[in-house]
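**Q** Have a look at this one.
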Amino acid sequence: MRALPQWEFSIYALSLPKGHGFGNRPPVGAWLSEDGLSCGILRHDLNDRSYGVLVMRRRTDQVWTVTAEREGYAAEKEALAQLPPLLRDGEPPEPVSSGVMQRPALYDLEGRTASDVFATLTLPSHRPAAWTLNQLYLALPRPDRNWAGDCQTNNFHTRLWEAQLLAMFREQGLLVTQPFESPDFRIENRLGGSAWVEAVTANPADPYNHVNAPPSALPADREEAFFGAGALRFAKTIGNKLARNYDQLPHVKGQPFALAIADFQAPASMIWSREGLIGYLYGEGAEEVEIDGRMFARPTKASHLKGKARFAAGLFADAGHAELSAVIFSNACSMAKLNRVAVSGQGAPRGLRYTRIGNFFDRTPGALRGIPFCLDVTSDEYRNLWPIGSEPWSAEIEVFHNPFAHHPLPFELLPEATHWFDQDGETVCRSFYETSILWSQTLIQNDTDPPPTLEQLMSKSPKA
C-alpha cells in the first residue's frame, strides 16, 4: 500500500459524511491500496490514547463508501496490522446498493457535445482541476441525476459552485447531506447547529463564451461599483430565489436558511462584483477621501440601486426579508481554484508554472484599496499563507449575515469563513484567516518562460 500525502488524503476525505470532522480521533496517517480502490486511515484517540482504523473502498461507479471501522487498539503497530486485510487489495469494487443511483462517469459525454469550458479540462494545464472536480462530484451525497450532463454542457458553473460548496463545508468538518431536491444542502456541526443552503449563480443577461470572452469593463466609479449594474444583477438573482419560498418548505421551516451565490454575470466579473453584493445587501458603500495627504474610506449609503428601475438597496437593512438568514459568497468559484488547491498541495504538472496575482485585503483602518501580490502557487511563501500549508477551500468564502433574520445562521457552522455582521448598528467584518484576498487571477505558463513580476502584472490588472 502507498502512503498518501496530506493534500491527496484531504481530497479523498471530503467523501466522508463529515469530511475533515474527525472529532477527538484525528487521522495520523493514510494509505491507498495498490489497485487504488481502497483507502485506509489510521486514527489516534486524544482522550484514551488508543488507535483505530477506518477504511473506504470505491464502488463500481467510483464513489467512496466506508466499509470498515475498528477502534480500541493499544498500540499504533497493532492498529496498522489491521489495514492490509481490510483494504482487500485486488478484490472487485463495492457494488452500488439497491435503491441507490449509479453515478454516471463525469468524463463520459454519452453523446453530448461538451461546452468549451468543460472541454478545457482536457488540457494538460487543467488536469489538476479535472481530477479535483471529478473527486468532488464523486463526494456529493446525492447529486441529481442530471448533474454530470449539466456540468458537461450549459450549466457548468452552477455545478462547479455546488462542488466547491461541498468541499468548503466538509473541509470545516460539517455533516453534509442532500435529503431533499431543494434546498441543495443541509449542513450540521457536531454541536448540533444546522442550516439549509441553496446554491445559485448570478448569470449574464446575454450568454457569453466563458473561455475566450475578453474581460468586462470595470465599474466607472465607486458608486457604480456598489450600487450599479453588478448590484442589480445580484438583486434580481437573489430576488428570484426568495420568490420560491424555500423557508416555507416543511423540512426547512423554523430553521436557518442561506443562499450561496457565485458570480458569472460578465466575463471576469468576479474581479469587481463583490462590492455590488455588499451594496445591495446592506445599502452601504464607500468612497475615497483625502485627509492630511492620505487616502481613507468614507462610508456611503443608498436607498436604491442605480438605473431606471429604482430597485431597492439594503436587503438586510430592515426586517422585510427576515426569512433569509445569510448570503454566502465567494469571488473564487473557478477552475483556477480547483487547479490551485491541487497544485499548492502536490506541485505543478511537469513543465508548467502557476502564478496567482491579485490584491490582499488591507486591514489598515480606513483602507479601501488592497495590497498587490504576485506569488508562485507552489512556493513556500504562498503555501504558508494558510495554516494547513496549502490553499484551503474556505479561503475566499464570505458570509453576510442578516441582522433581522428570524433564524440567524450560527457563526460556528462556518468557522473558517469571513463573516460580515451587525455590531451596535455598524456592519463589521471578522476573518478566520490572517490572509484575505479581494480578487485574483491565475496565470499558467511554461516553466521555461521568464517568471512574471508584480510590476509587469499589476500594470495590466484592474485598478479599482
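Convention: chains lettered A, B, ... in C-alpha cells order; per-chain residue numbering from 1; ligands numbered from 1 as shown.
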Tell me which protein, DNA and RNA residues are within 8 Å of Val96 of chain A, counting only C-alpha atoms, leaving out same-chain ones fewer than 6 positions away, and put them as a compact mmCIF listing (two decimals) with all heavy atoms, in the first residue's frame.

**A**
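What follows is the written file around27.txt:
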# COMPACT_ATOMS: atom_id res chain seq x y z
N ARG A 59 -16.87 2.17 -4.98
CA ARG A 59 -17.96 1.40 -5.57
C ARG A 59 -17.68 1.19 -7.06
O ARG A 59 -16.72 1.71 -7.60
CB ARG A 59 -19.30 2.12 -5.40
CG ARG A 59 -19.68 2.41 -3.97
CD ARG A 59 -21.08 2.96 -3.81
NE ARG A 59 -21.54 3.87 -4.85
CZ ARG A 59 -22.49 4.80 -4.69
NH1 ARG A 59 -23.07 4.94 -3.49
NH2 ARG A 59 -22.88 5.57 -5.68
N THR A 60 -18.53 0.47 -7.71
CA THR A 60 -18.37 0.25 -9.15
C THR A 60 -18.47 1.55 -9.94
O THR A 60 -17.96 1.63 -11.07
CB THR A 60 -19.42 -0.75 -9.68
OG1 THR A 60 -20.73 -0.28 -9.30
CG2 THR A 60 -19.19 -2.14 -9.10
N ASP A 61 -19.11 2.59 -9.37
CA ASP A 61 -19.18 3.88 -10.04
C ASP A 61 -18.14 4.85 -9.50
O ASP A 61 -18.23 6.06 -9.74
CB ASP A 61 -20.59 4.48 -9.93
CG ASP A 61 -21.04 4.66 -8.48
OD1 ASP A 61 -20.27 4.32 -7.56
OD2 ASP A 61 -22.17 5.13 -8.27
N GLN A 102 -26.76 4.70 -9.53
CA GLN A 102 -25.39 4.53 -10.03
C GLN A 102 -24.96 5.83 -10.67
O GLN A 102 -25.61 6.33 -11.59
CB GLN A 102 -25.34 3.38 -11.05
CG GLN A 102 -24.01 3.23 -11.73
CD GLN A 102 -23.28 1.95 -11.39
OE1 GLN A 102 -23.71 1.21 -10.51
NE2 GLN A 102 -22.19 1.69 -12.08

**Q** Report the residues of segment 33-212 of chain A whose backbone DSSP state falls under strand (DSSP E or B), written as a PyMOL selection string.

**A** chain A and resi 38-44+51-59+64-73+94+175-177+185-188+194-202

**Q** May I have the residues within 6 Å of segment 303-320 of chain A as a PyMOL selection string, using only C-alpha atoms and disregarding those fewer than 2 positions away in the same chain?

**A** chain A and resi 227-228+280-283+322+402+404

**Q** Sorted by chain and rising residue number, which residues of segment 378-426 of chain A lie within 10 Å of segment 163-187 of chain A, and what are their closest atom pairs and distances in Å to one decimal, counting only C-alpha atoms, as CSV?

**A**
residue,atom,partner,partner_atom,distance
A:Pro392,CA,A:Glu171,CA,8.0
A:Trp393,CA,A:Met168,CA,5.0
A:Ser394,CA,A:Met168,CA,5.1
A:Ala395,CA,A:Met168,CA,8.8
A:Glu396,CA,A:Met168,CA,9.9
A:Ile397,CA,A:Met168,CA,8.2
A:Glu412,CA,A:Gln172,CA,10.0
A:Leu413,CA,A:Leu174,CA,7.5
A:Leu414,CA,A:Gln172,CA,6.9
A:Pro415,CA,A:Gln172,CA,7.3
A:Glu416,CA,A:Gln172,CA,7.0
A:Ala417,CA,A:Met168,CA,9.2

**Q** Output N, CA, C and O atoms for every residue in that selection, as a short mmCIF file (atom, residue, chain, number, x, y, z; two decimals), in the first residue's frame.

**A**
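This is the output file again-v3.cif:
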data_model
loop_
_atom_site.label_atom_id
_atom_site.label_comp_id
_atom_site.auth_asym_id
_atom_site.auth_seq_id
_atom_site.Cartn_x
_atom_site.Cartn_y
_atom_site.Cartn_z
N PRO A 392 -6.65 26.41 1.15
CA PRO A 392 -7.88 25.76 1.61
C PRO A 392 -9.08 26.16 0.76
O PRO A 392 -9.08 27.18 0.08
N TRP A 393 -10.11 25.33 0.81
CA TRP A 393 -11.33 25.62 0.07
C TRP A 393 -12.05 26.85 0.60
O TRP A 393 -12.71 27.57 -0.14
N SER A 394 -11.95 27.09 1.89
CA SER A 394 -12.73 28.16 2.51
C SER A 394 -12.03 29.52 2.48
O SER A 394 -12.54 30.49 3.05
N ALA A 395 -10.88 29.61 1.81
CA ALA A 395 -10.07 30.83 1.88
C ALA A 395 -10.83 32.08 1.44
O ALA A 395 -10.66 33.15 2.02
N GLU A 396 -11.66 32.00 0.41
CA GLU A 396 -12.34 33.19 -0.10
C GLU A 396 -13.82 33.26 0.30
O GLU A 396 -14.55 34.15 -0.16
N ILE A 397 -14.28 32.35 1.14
CA ILE A 397 -15.69 32.31 1.49
C ILE A 397 -16.05 33.44 2.45
O ILE A 397 -15.39 33.64 3.48
N GLU A 412 -20.66 29.49 14.22
CA GLU A 412 -19.89 28.28 14.43
C GLU A 412 -20.08 27.25 13.33
O GLU A 412 -19.29 26.31 13.22
N LEU A 413 -21.11 27.41 12.50
CA LEU A 413 -21.31 26.47 11.40
C LEU A 413 -20.19 26.60 10.35
O LEU A 413 -19.80 25.61 9.74
N LEU A 414 -19.74 27.83 10.13
CA LEU A 414 -18.70 28.08 9.12
C LEU A 414 -17.57 28.85 9.79
O LEU A 414 -17.32 30.03 9.50
N PRO A 415 -16.84 28.20 10.68
CA PRO A 415 -15.84 28.92 11.48
C PRO A 415 -14.68 29.47 10.69
O PRO A 415 -14.02 30.43 11.12
N GLU A 416 -14.39 28.91 9.51
CA GLU A 416 -13.21 29.33 8.74
C GLU A 416 -13.55 30.34 7.64
O GLU A 416 -12.69 30.68 6.83
N ALA A 417 -14.80 30.80 7.62
CA ALA A 417 -15.20 31.81 6.65
C ALA A 417 -14.97 33.21 7.22
O ALA A 417 -14.73 33.38 8.42
#

**Q** If you measure from atom CA of Leu32 of chain A to atom CA of Gly72 of chain A, what distance in Å do you get, rounded to one decimal?

**A**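 Answer for the atom CA of Leu32 of chain A to atom CA of Gly72 of chain A separation: 22.4 Å.
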
**Q** Could you tell me how far atom CA of Glu91 of chain A sits from atom CA of Arg142 of chain A, in Å to one decimal place?

**A** 25.8 Å

**Q** Find the distance between atom CA of Val200 of chain A and atom CA of Phe156 of chain A and write it in Å to one decimal.

**A**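 One can read the atom CA of Val200 of chain A to atom CA of Phe156 of chain A distance as 12.2 Å.
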
**Q** Counting only C-alpha atoms, figure out which residue out of A:Pro104, A:Pro204, A:Gly23, A:Gly370 gets nearest to Gly358 of chain A.

**A**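 Using only C-alpha atoms, Gly358 of chain A sits closest to A:Gly370.
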
**Q** Any chance you could list, as a ChimeraX atom specification, the residues in segment 107-163 of chain A that come up alpha helix (DSSP H) when DSSP is run on the backbone?

**A** /A:116-119,127-139,147-152,156-163

**Q** What's around Gln423 of chain A at 12 Å? Count only C-alpha atoms, leave out sequence neighbours fewer than 4 positions away in its own chain, and write the answer as number ranges by chain.

**A** A: 401-403, 419, 427-430

**Q** For a quick check of understanding, using only C-alpha atoms, which of A:Leu438, A:Asp422, A:Asn245, A:Pro410 has the smallest distance to Asn331 of chain A?

**A** A:Leu438

**Q** When distances are computed from only C-alpha atoms, which of A:Glu188, A:Glu434, A:Glu224, A:Glu34 shows the smallest separation from Gly19 of chain A?

**A** A:Glu188

**Q** Need to verify the contact set: Tyr246 of chain A, 12 Å, only C-alpha atoms, exclusion of same-chain residues closer than 4 positions in sequence. Can you return it as a list in words?

**A**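 Final neighbour list, sorted by chain and number: Phe180, Glu181, Ser182, Pro183, Asp184, Trp196, Val197, Glu198, Ala199, Asn240, Lys241, Leu242, Pro250, His251, Val252, Lys253, Gly254, Gln255, Pro256, Phe257, Ala258, Leu259, Glu323, Leu324 and Ser325 of chain A.
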
**Q** Please write the residues from the selection above to a file, keeping C-alpha atoms, as a compact mmCIF listing (two decimals), in the first residue's frame.

**A**
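Ended up saving to result18.txt:
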# COMPACT_ATOMS: atom_id res chain seq x y z
CA PHE A 180 -34.42 16.67 -0.48
CA GLU A 181 -34.41 18.04 -4.00
CA SER A 182 -34.18 21.54 -2.56
CA PRO A 183 -32.56 23.34 -0.91
CA ASP A 184 -29.31 21.87 -2.19
CA TRP A 196 -30.20 24.73 4.83
CA VAL A 197 -28.27 26.18 1.90
CA GLU A 198 -29.42 26.77 -1.67
CA ALA A 199 -26.72 27.36 -4.30
CA ASN A 240 -35.87 35.13 -7.93
CA LYS A 241 -34.68 32.62 -5.34
CA LEU A 242 -36.55 34.29 -2.47
CA PRO A 250 -41.89 21.66 5.79
CA HIS A 251 -38.32 20.39 6.24
CA VAL A 252 -36.87 23.94 6.28
CA LYS A 253 -39.47 25.88 8.26
CA GLY A 254 -38.20 27.22 11.57
CA GLN A 255 -34.51 26.70 10.72
CA PRO A 256 -31.72 28.92 9.37
CA PHE A 257 -31.77 29.24 5.59
CA ALA A 258 -28.98 30.75 3.48
CA LEU A 259 -28.39 31.42 -0.19
CA GLU A 323 -36.66 34.60 6.22
CA LEU A 324 -33.15 34.78 4.72
CA SER A 325 -30.55 34.14 7.41

**Q** Write out as a ChimeraX atom specification which residues come within 9 Å of Val341 of chain A when counting only C-alpha atoms, dropping same-chain ones fewer than 5 positions away.

**A** /A:7,128-129,132,336,346,390-393
